[in-house]
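Colleague: Before we start, here is the structure in question, set down as structure tokens.
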Amino acid sequence: MELVIRDVSIITMDEERPFIEKGYIVVKGDKIEEIGEGEPPYNYDRILEGRDKLAMPGFINTHTHAAMTLLRSYADDLPLMEWLQNKIWPLEEKLTPEYIYWGTMLAIAEMIKSGTTAFADMYFCMEEVARAVEKTGIRAVLSRGMVGIGPQADLALKESEEFIKNWHNGAGGRITAMLGPHAPYTCPPDYLKKVLTLAEKTGAGIHIHVAETNTEFRDIKKAYGKTPVEHLESIGLFEHKVLAAHCVHLTENDIDIMARYDVGVAHNPESNMKLASGIAPVPQLLEAGVTVALGTDGAASNNNLDMLQEMRSCALLHKVNSMDPTVIPAYTALKMATVNGARVLGLEDKVGQLKEGMKADFILIDLDKPHMNPRYDLAANVVYAAQAGDVDTVIIDGNIVMENKVIKTFDEEEVIARANFIARQLVRKRQGS
Ligand SMILES: CSC[C@H]1O[C@@H](n2cnc3c(O)ncnc32)[C@H](O)[C@@H]1O
Ligand SMILES: [Zn+2]
């Protein structure tokens, strides 16, 4: 089927042709066939009117724990380790595969409605997450989270290998699998070495939390005499493709190491602010040539999965932190949420830009809203003024997943009802324990 979006403003994120004021996008199958100015040259099977809309690449959420939507607003206003150990981990013990399926469905509904077309997840029961991705039509990079201490450590390695076998390139190529060792403080060196052996065997990349808090920085330094980044380098982690979430507490030497090994960073400004973990040195990382993308982290520490808000927070946080309003301009924030997201997930040849031959993963944003006018600079309007409710249409892999703000691939109301039912069961289970 051929689909055309006509009479539309376009931010392509393609440096050669970044902006088209009035143009068209032709989608054939799962790919962008043509982008042009003015009117489309032919008639097509399906026409979407783009007047008063902006087409741009969908957002790429490079770090989340999707099913944690079930724990949204369950425990707030605590520092990371207290939050994890006393609140989150005890409740996660009560999660079942079915709960994780519906929690992930809720996350995907929220992500699609706020313009996200791909996400990177690290959690348990990845088969359930993959089923949700398959059903909804979203794109995802999935890692079975692995904690290297405790009775589940070896099982986690085995399940990760099986998951990669079953789901890498799954859902018509929309799923990529990675390995997900949780963090240096939950995965001792011997365990991380087993992860590396598996990475060699499968060719999978590695998604890991790194240098999130001062406590982690101090504890790793005390245990190994090295910063978290130096420690991971010494183990050989960075010989593989690595997606490092957070990277808040870094030395200049850490930044050099990360640039040298082309480590991808998932920056999560809202989660870092809410848990008071600190402020990642993003301007310095970008200056050193490190690819920094954006993530929301889970909905229990954010408390939403809205990449529009994440871009705005990122731009504002680094301006005030450096007392320099030129830091992270709107276009840079947009690049972090699209082009850089694709790059850190190894999807740069497929998504993140609107270009002929790339996958048709893009969104249409309403411009006929008071807060989106005037239209001097559409990138600035998106980053500083847009809201999730402005996302009108979402196309992923050439399929219309949301049109006129209605999700087409699943029943959003059912998902909300199921999630609320599960939340009530979780509270009951917690009280019974
Ligand atoms: C092993 S599956 C993922 C694991 O990570 C936990 N988690 C959620 N948010 C964070 C964070 O900011 N830092 C570290 N770990 C986090 C989640 O609850 C799962 O247990
Ligand atoms: Zn996380």
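Going by the structure tokens order, chains are called A, B, ..., each with residues numbered from 1, while ligands are numbered from 1 in the order shown.
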Please return as a PyMOL selection string the residues found within 9 Å of ligand 1, counting only C-alpha atoms and all ligand atoms.
Modeller: chain A and resi 64-65+68+80-81+84+88-89+92+121-124+143-147+180-183+186+209-210+212-213+245-246+268+271-272+275+277+297-301
Colleague: Let me see the file: selected residues, N, CA and C atoms, as an mmCIF file, in the first residue's frame.
Modeller:
```
data_model
loop_
_atom_site.group_PDB
_atom_site.id
_atom_site.type_symbol
_atom_site.label_atom_id
_atom_site.label_comp_id
_atom_site.auth_asym_id
_atom_site.auth_seq_id
_atom_site.Cartn_x
_atom_site.Cartn_y
_atom_site.Cartn_z
ATOM 1 N N THR A 64 14.053 2.862 29.585
ATOM 2 C CA THR A 64 12.882 2.793 30.448
ATOM 3 C C THR A 64 12.726 1.386 31.001
ATOM 4 N N HIS A 65 11.790 1.249 31.907
ATOM 5 C CA HIS A 65 11.388 -0.044 32.451
ATOM 6 C C HIS A 65 9.864 0.001 32.300
ATOM 7 N N MET A 68 6.935 -0.701 34.707
ATOM 8 C CA MET A 68 6.892 0.059 35.963
ATOM 9 C C MET A 68 5.793 1.126 35.960
ATOM 10 N N LEU A 80 17.545 7.153 45.450
ATOM 11 C CA LEU A 80 17.504 5.909 44.664
ATOM 12 C C LEU A 80 17.536 4.628 45.491
ATOM 13 N N MET A 81 18.560 4.445 46.334
ATOM 14 C CA MET A 81 18.723 3.139 46.983
ATOM 15 C C MET A 81 17.609 2.859 47.991
ATOM 16 N N LEU A 84 14.576 1.991 45.815
ATOM 17 C CA LEU A 84 14.658 0.642 45.239
ATOM 18 C C LEU A 84 14.497 -0.430 46.311
ATOM 19 N N ILE A 88 10.467 -0.384 45.835
ATOM 20 C CA ILE A 88 10.265 -0.935 44.487
ATOM 21 C C ILE A 88 10.553 -2.439 44.427
ATOM 22 N N TRP A 89 11.736 -2.850 44.888
ATOM 23 C CA TRP A 89 12.082 -4.278 44.757
ATOM 24 C C TRP A 89 11.097 -5.184 45.505
ATOM 25 N N GLU A 92 8.131 -5.428 43.214
ATOM 26 C CA GLU A 92 8.444 -6.144 41.962
ATOM 27 C C GLU A 92 8.423 -7.659 42.166
ATOM 28 N N ASP A 121 14.032 -1.046 26.552
ATOM 29 C CA ASP A 121 13.503 -1.501 27.833
ATOM 30 C C ASP A 121 14.489 -2.437 28.520
ATOM 31 N N MET A 122 14.533 -2.351 29.839
ATOM 32 C CA MET A 122 15.262 -3.342 30.642
ATOM 33 C C MET A 122 14.323 -3.756 31.765
ATOM 34 N N TYR A 123 13.910 -5.028 31.743
ATOM 35 C CA TYR A 123 13.020 -5.484 32.812
ATOM 36 C C TYR A 123 12.982 -7.006 32.859
ATOM 37 N N PHE A 124 12.063 -7.525 33.657
ATOM 38 C CA PHE A 124 11.904 -8.973 33.796
ATOM 39 C C PHE A 124 10.833 -9.450 32.802
ATOM 40 N N SER A 143 15.895 -5.770 26.636
ATOM 41 C CA SER A 143 16.909 -6.474 27.423
ATOM 42 C C SER A 143 16.270 -7.111 28.643
ATOM 43 N N ARG A 144 16.496 -8.382 28.805
ATOM 44 C CA ARG A 144 16.066 -9.071 30.024
ATOM 45 C C ARG A 144 17.010 -8.585 31.133
ATOM 46 N N GLY A 145 16.494 -7.860 32.096
ATOM 47 C CA GLY A 145 17.337 -7.316 33.162
ATOM 48 C C GLY A 145 17.993 -8.433 33.963
ATOM 49 N N MET A 146 19.291 -8.253 34.278
ATOM 50 C CA MET A 146 20.030 -9.299 34.998
ATOM 51 C C MET A 146 20.661 -8.725 36.257
ATOM 52 N N VAL A 147 20.336 -9.346 37.388
ATOM 53 C CA VAL A 147 20.997 -8.985 38.643
ATOM 54 C C VAL A 147 21.957 -10.126 38.965
ATOM 55 N N GLY A 180 21.075 -7.124 29.382
ATOM 56 C CA GLY A 180 20.774 -6.062 30.348
ATOM 57 C C GLY A 180 21.298 -6.286 31.756
ATOM 58 N N PRO A 181 22.639 -6.351 31.933
ATOM 59 C CA PRO A 181 23.146 -6.397 33.311
ATOM 60 C C PRO A 181 22.748 -5.100 34.019
ATOM 61 N N HIS A 182 22.161 -5.223 35.213
ATOM 62 C CA HIS A 182 21.507 -4.056 35.811
ATOM 63 C C HIS A 182 22.459 -2.884 36.084
ATOM 64 N N ALA A 183 23.558 -3.139 36.817
ATOM 65 C CA ALA A 183 24.447 -2.029 37.215
ATOM 66 C C ALA A 183 25.729 -2.616 37.804
ATOM 67 N N THR A 186 25.167 -4.189 41.257
ATOM 68 C CA THR A 186 24.389 -5.435 41.394
ATOM 69 C C THR A 186 24.981 -6.569 40.558
ATOM 70 N N HIS A 209 22.872 0.342 33.695
ATOM 71 C CA HIS A 209 22.887 1.597 34.461
ATOM 72 C C HIS A 209 24.343 1.881 34.879
ATOM 73 N N VAL A 210 24.799 3.115 34.687
ATOM 74 C CA VAL A 210 26.197 3.439 35.030
ATOM 75 C C VAL A 210 26.274 4.785 35.758
ATOM 76 N N GLU A 212 25.044 6.308 38.354
ATOM 77 C CA GLU A 212 23.798 7.067 38.536
ATOM 78 C C GLU A 212 23.846 7.983 39.748
ATOM 79 N N THR A 213 24.418 7.462 40.846
ATOM 80 C CA THR A 213 24.416 8.260 42.084
ATOM 81 C C THR A 213 25.832 8.404 42.655
ATOM 82 N N ALA A 245 23.010 3.908 30.779
ATOM 83 C CA ALA A 245 21.961 4.798 31.279
ATOM 84 C C ALA A 245 22.489 5.640 32.435
ATOM 85 N N HIS A 246 22.130 6.896 32.436
ATOM 86 C CA HIS A 246 22.401 7.888 33.485
ATOM 87 C C HIS A 246 23.754 8.576 33.323
ATOM 88 N N ASN A 268 18.704 10.731 31.456
ATOM 89 C CA ASN A 268 17.331 10.711 32.008
ATOM 90 C C ASN A 268 17.157 11.876 32.976
ATOM 91 N N SER A 271 14.179 11.739 35.835
ATOM 92 C CA SER A 271 14.403 10.730 36.874
ATOM 93 C C SER A 271 15.570 11.167 37.779
ATOM 94 N N ASN A 272 16.625 11.687 37.173
ATOM 95 C CA ASN A 272 17.786 12.143 37.952
ATOM 96 C C ASN A 272 17.436 13.311 38.870
ATOM 97 N N LEU A 275 14.912 11.788 41.759
ATOM 98 C CA LEU A 275 15.607 10.989 42.779
ATOM 99 C C LEU A 275 16.785 11.774 43.380
ATOM 100 N N SER A 277 19.544 12.454 42.059
ATOM 101 C CA SER A 277 20.785 11.712 41.793
ATOM 102 C C SER A 277 21.913 12.645 41.367
ATOM 103 N N ASP A 297 13.490 6.808 31.867
ATOM 104 C CA ASP A 297 13.558 5.862 32.975
ATOM 105 C C ASP A 297 12.126 5.347 33.227
ATOM 106 N N GLY A 298 11.903 4.569 34.267
ATOM 107 C CA GLY A 298 10.564 4.003 34.482
ATOM 108 C C GLY A 298 9.573 5.041 34.999
ATOM 109 N N ALA A 299 8.287 4.698 34.872
ATOM 110 C CA ALA A 299 7.244 5.641 35.319
ATOM 111 C C ALA A 299 7.164 5.743 36.835
ATOM 112 N N ALA A 300 7.899 4.903 37.562
ATOM 113 C CA ALA A 300 7.903 5.034 39.016
ATOM 114 C C ALA A 300 8.887 6.094 39.487
ATOM 115 N N SER A 301 9.797 6.517 38.620
ATOM 116 C CA SER A 301 10.765 7.539 39.044
ATOM 117 C C SER A 301 10.676 8.794 38.192
#
```
Colleague: Near Ile395 (chain A), counting only C-alpha atoms, which residues have an atom at most 9 Å away, once you skip same-chain residues fewer than 4 positions from it, shown as a tab-separated table (two decimals) with C-alpha atoms, in the first residue's frame?
Modeller:
```tsv
chain	number	residue	atom	x	y	z
A	58	GLY	CA	9.04	9.77	16.20
A	117	THR	CA	7.87	5.32	18.10
A	360	ALA	CA	8.51	5.11	8.01
A	361	ASP	CA	8.53	5.92	11.76
A	362	PHE	CA	7.13	9.41	12.17
A	363	ILE	CA	4.50	11.51	13.89
A	364	LEU	CA	2.15	14.33	12.97
A	399	ASN	CA	1.60	1.32	9.69
A	400	ILE	CA	-0.80	3.92	11.10
A	401	VAL	CA	-0.69	3.06	14.80
A	402	MET	CA	-2.58	6.19	15.92
A	403	GLU	CA	-4.80	8.46	13.79
```
Colleague: Output as an MDAnalysis selection string all residues of region 218-359 of chain A that backbone DSSP marks as helix (DSSP H, G or I).
Modeller: chainID A and resid 218:224 228:235 237:239 252:260 269:274 282:287 307:322 330:337 339:344
Colleague: Mind dumping the selected residues with C-alpha atoms as a PDB file, in the first residue's frame?
Modeller:
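This went into result.pdb:
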```
ATOM      1  CA  ARG A 218      31.820   6.067  46.138  1.00  0.00           C
ATOM      2  CA  ASP A 219      31.037   2.350  46.663  1.00  0.00           C
ATOM      3  CA  ILE A 220      32.599   1.211  43.378  1.00  0.00           C
ATOM      4  CA  LYS A 221      35.675   3.337  44.043  1.00  0.00           C
ATOM      5  CA  LYS A 222      35.956   1.794  47.507  1.00  0.00           C
ATOM      6  CA  ALA A 223      35.514  -1.781  46.239  1.00  0.00           C
ATOM      7  CA  TYR A 224      37.693  -1.645  43.103  1.00  0.00           C
ATOM      8  CA  PRO A 228      32.356   2.998  37.697  1.00  0.00           C
ATOM      9  CA  VAL A 229      33.419   3.840  34.120  1.00  0.00           C
ATOM     10  CA  GLU A 230      37.080   2.879  34.718  1.00  0.00           C
ATOM     11  CA  HIS A 231      35.889  -0.302  36.427  1.00  0.00           C
ATOM     12  CA  LEU A 232      33.705  -1.296  33.454  1.00  0.00           C
ATOM     13  CA  GLU A 233      36.528  -0.454  31.038  1.00  0.00           C
ATOM     14  CA  SER A 234      38.922  -2.694  32.990  1.00  0.00           C
ATOM     15  CA  ILE A 235      36.488  -5.603  32.718  1.00  0.00           C
ATOM     16  CA  LEU A 237      32.639  -4.061  28.775  1.00  0.00           C
ATOM     17  CA  PHE A 238      33.300  -1.256  26.329  1.00  0.00           C
ATOM     18  CA  GLU A 239      34.804  -3.640  23.757  1.00  0.00           C
ATOM     19  CA  GLU A 252      37.129  13.969  32.851  1.00  0.00           C
ATOM     20  CA  ASN A 253      38.964  10.689  32.389  1.00  0.00           C
ATOM     21  CA  ASP A 254      35.622   8.816  32.346  1.00  0.00           C
ATOM     22  CA  ILE A 255      34.385  11.111  29.562  1.00  0.00           C
ATOM     23  CA  ASP A 256      37.587  10.451  27.568  1.00  0.00           C
ATOM     24  CA  ILE A 257      37.100   6.696  27.985  1.00  0.00           C
ATOM     25  CA  MET A 258      33.486   6.912  26.864  1.00  0.00           C
ATOM     26  CA  ALA A 259      34.390   8.970  23.797  1.00  0.00           C
ATOM     27  CA  ARG A 260      37.221   6.566  22.915  1.00  0.00           C
ATOM     28  CA  PRO A 269      17.108  14.259  33.366  1.00  0.00           C
ATOM     29  CA  GLU A 270      13.678  13.979  35.030  1.00  0.00           C
ATOM     30  CA  SER A 271      14.403  10.730  36.874  1.00  0.00           C
ATOM     31  CA  ASN A 272      17.786  12.143  37.952  1.00  0.00           C
ATOM     32  CA  MET A 273      16.116  15.297  39.256  1.00  0.00           C
ATOM     33  CA  LYS A 274      13.302  13.467  41.028  1.00  0.00           C
ATOM     34  CA  VAL A 282      25.795  16.421  29.078  1.00  0.00           C
ATOM     35  CA  PRO A 283      27.375  19.518  27.476  1.00  0.00           C
ATOM     36  CA  GLN A 284      30.822  18.106  28.292  1.00  0.00           C
ATOM     37  CA  LEU A 285      29.903  14.661  26.925  1.00  0.00           C
ATOM     38  CA  LEU A 286      28.593  16.169  23.686  1.00  0.00           C
ATOM     39  CA  GLU A 287      31.681  18.378  23.415  1.00  0.00           C
ATOM     40  CA  MET A 307       9.624  12.499  25.657  1.00  0.00           C
ATOM     41  CA  LEU A 308       8.331  16.010  24.906  1.00  0.00           C
ATOM     42  CA  GLN A 309       8.663  16.814  28.597  1.00  0.00           C
ATOM     43  CA  GLU A 310      12.036  15.066  28.744  1.00  0.00           C
ATOM     44  CA  MET A 311      13.436  17.244  25.920  1.00  0.00           C
ATOM     45  CA  ARG A 312      12.189  20.416  27.593  1.00  0.00           C
ATOM     46  CA  SER A 313      13.587  19.371  30.977  1.00  0.00           C
ATOM     47  CA  CYS A 314      16.923  18.487  29.412  1.00  0.00           C
ATOM     48  CA  ALA A 315      17.269  21.836  27.669  1.00  0.00           C
ATOM     49  CA  LEU A 316      16.192  23.840  30.727  1.00  0.00           C
ATOM     50  CA  LEU A 317      18.212  21.859  33.284  1.00  0.00           C
ATOM     51  CA  HIS A 318      21.519  22.263  31.492  1.00  0.00           C
ATOM     52  CA  LYS A 319      20.951  25.947  30.828  1.00  0.00           C
ATOM     53  CA  VAL A 320      20.353  26.751  34.471  1.00  0.00           C
ATOM     54  CA  ASN A 321      23.088  24.389  35.649  1.00  0.00           C
ATOM     55  CA  SER A 322      25.669  26.148  33.496  1.00  0.00           C
ATOM     56  CA  ALA A 330      16.094  23.332  21.009  1.00  0.00           C
ATOM     57  CA  TYR A 331      17.483  21.621  17.917  1.00  0.00           C
ATOM     58  CA  THR A 332      20.099  19.782  20.001  1.00  0.00           C
ATOM     59  CA  ALA A 333      17.382  18.494  22.354  1.00  0.00           C
ATOM     60  CA  LEU A 334      15.389  17.353  19.323  1.00  0.00           C
ATOM     61  CA  LYS A 335      18.466  15.621  17.925  1.00  0.00           C
ATOM     62  CA  MET A 336      19.051  13.838  21.229  1.00  0.00           C
ATOM     63  CA  ALA A 337      15.452  12.536  21.157  1.00  0.00           C
ATOM     64  CA  VAL A 339      18.952  10.964  15.637  1.00  0.00           C
ATOM     65  CA  ASN A 340      21.075  10.261  18.719  1.00  0.00           C
ATOM     66  CA  GLY A 341      18.457   7.858  20.079  1.00  0.00           C
ATOM     67  CA  ALA A 342      18.669   5.827  16.888  1.00  0.00           C
ATOM     68  CA  ARG A 343      22.471   5.865  17.022  1.00  0.00           C
ATOM     69  CA  VAL A 344      22.824   4.626  20.616  1.00  0.00           C
TER      70      VAL A 344
END
```
Colleague: If you run DSSP on the backbone, which residues of region 55-303 of chain A are strand (DSSP E or B), as a VMD selection string?
Modeller: chain A and resid 55 to 57 59 to 64 116 to 123 139 to 146 175 to 181 206 to 210 242 to 246 264 to 267 292 to 294
Colleague: At a cut-off of 9 Å, using only C-alpha atoms, what residues contact Met358 (chain A)? Leave out same-chain residues fewer than 4 positions from it and give the result as number ranges by chain.
Modeller: A: 30-33, 349-354
Colleague: Quick one: write out the picked residues with N, CA and C atoms as a PDB file, in the first residue's frame?
Modeller:
```
ATOM      1  N   ASP A  30       6.963  -0.496   4.463  1.00  0.00           N
ATOM      2  CA  ASP A  30       7.464  -0.031   5.764  1.00  0.00           C
ATOM      3  C   ASP A  30       8.428   1.143   5.653  1.00  0.00           C
ATOM      4  N   LYS A  31       8.607   1.672   4.425  1.00  0.00           N
ATOM      5  CA  LYS A  31       9.667   2.675   4.220  1.00  0.00           C
ATOM      6  C   LYS A  31       9.147   4.003   3.664  1.00  0.00           C
ATOM      7  N   ILE A  32       9.995   5.014   3.837  1.00  0.00           N
ATOM      8  CA  ILE A  32       9.725   6.313   3.203  1.00  0.00           C
ATOM      9  C   ILE A  32      10.204   6.221   1.758  1.00  0.00           C
ATOM     10  N   GLU A  33       9.261   6.400   0.841  1.00  0.00           N
ATOM     11  CA  GLU A  33       9.600   6.273  -0.590  1.00  0.00           C
ATOM     12  C   GLU A  33      10.103   7.612  -1.133  1.00  0.00           C
ATOM     13  N   ASP A 349      20.584   3.409  10.761  1.00  0.00           N
ATOM     14  CA  ASP A 349      20.308   3.238   9.331  1.00  0.00           C
ATOM     15  C   ASP A 349      18.821   3.083   9.057  1.00  0.00           C
ATOM     16  N   LYS A 350      18.052   2.939  10.130  1.00  0.00           N
ATOM     17  CA  LYS A 350      16.620   2.677   9.938  1.00  0.00           C
ATOM     18  C   LYS A 350      15.743   3.858  10.327  1.00  0.00           C
ATOM     19  N   VAL A 351      16.011   4.460  11.474  1.00  0.00           N
ATOM     20  CA  VAL A 351      15.077   5.454  12.026  1.00  0.00           C
ATOM     21  C   VAL A 351      15.821   6.678  12.587  1.00  0.00           C
ATOM     22  N   GLY A 352      15.047   7.665  13.024  1.00  0.00           N
ATOM     23  CA  GLY A 352      15.634   8.851  13.657  1.00  0.00           C
ATOM     24  C   GLY A 352      15.652  10.054  12.733  1.00  0.00           C
ATOM     25  N   GLN A 353      15.483   9.806  11.426  1.00  0.00           N
ATOM     26  CA  GLN A 353      15.451  10.894  10.444  1.00  0.00           C
ATOM     27  C   GLN A 353      14.387  10.565   9.406  1.00  0.00           C
ATOM     28  N   LEU A 354      13.857  11.597   8.766  1.00  0.00           N
ATOM     29  CA  LEU A 354      12.945  11.357   7.657  1.00  0.00           C
ATOM     30  C   LEU A 354      13.741  11.524   6.360  1.00  0.00           C
TER      31      LEU A 354
END
```
Colleague: Between A:Lys94, A:Lys359, A:Lys405, A:Arg139, which one has atoms that come closest to Gln425 (chain A), using only C-alpha atoms?
Modeller: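 Nearest candidate to Gln425 (chain A) out of A:Lys94, A:Lys359, A:Lys405, A:Arg139: A:Lys94.
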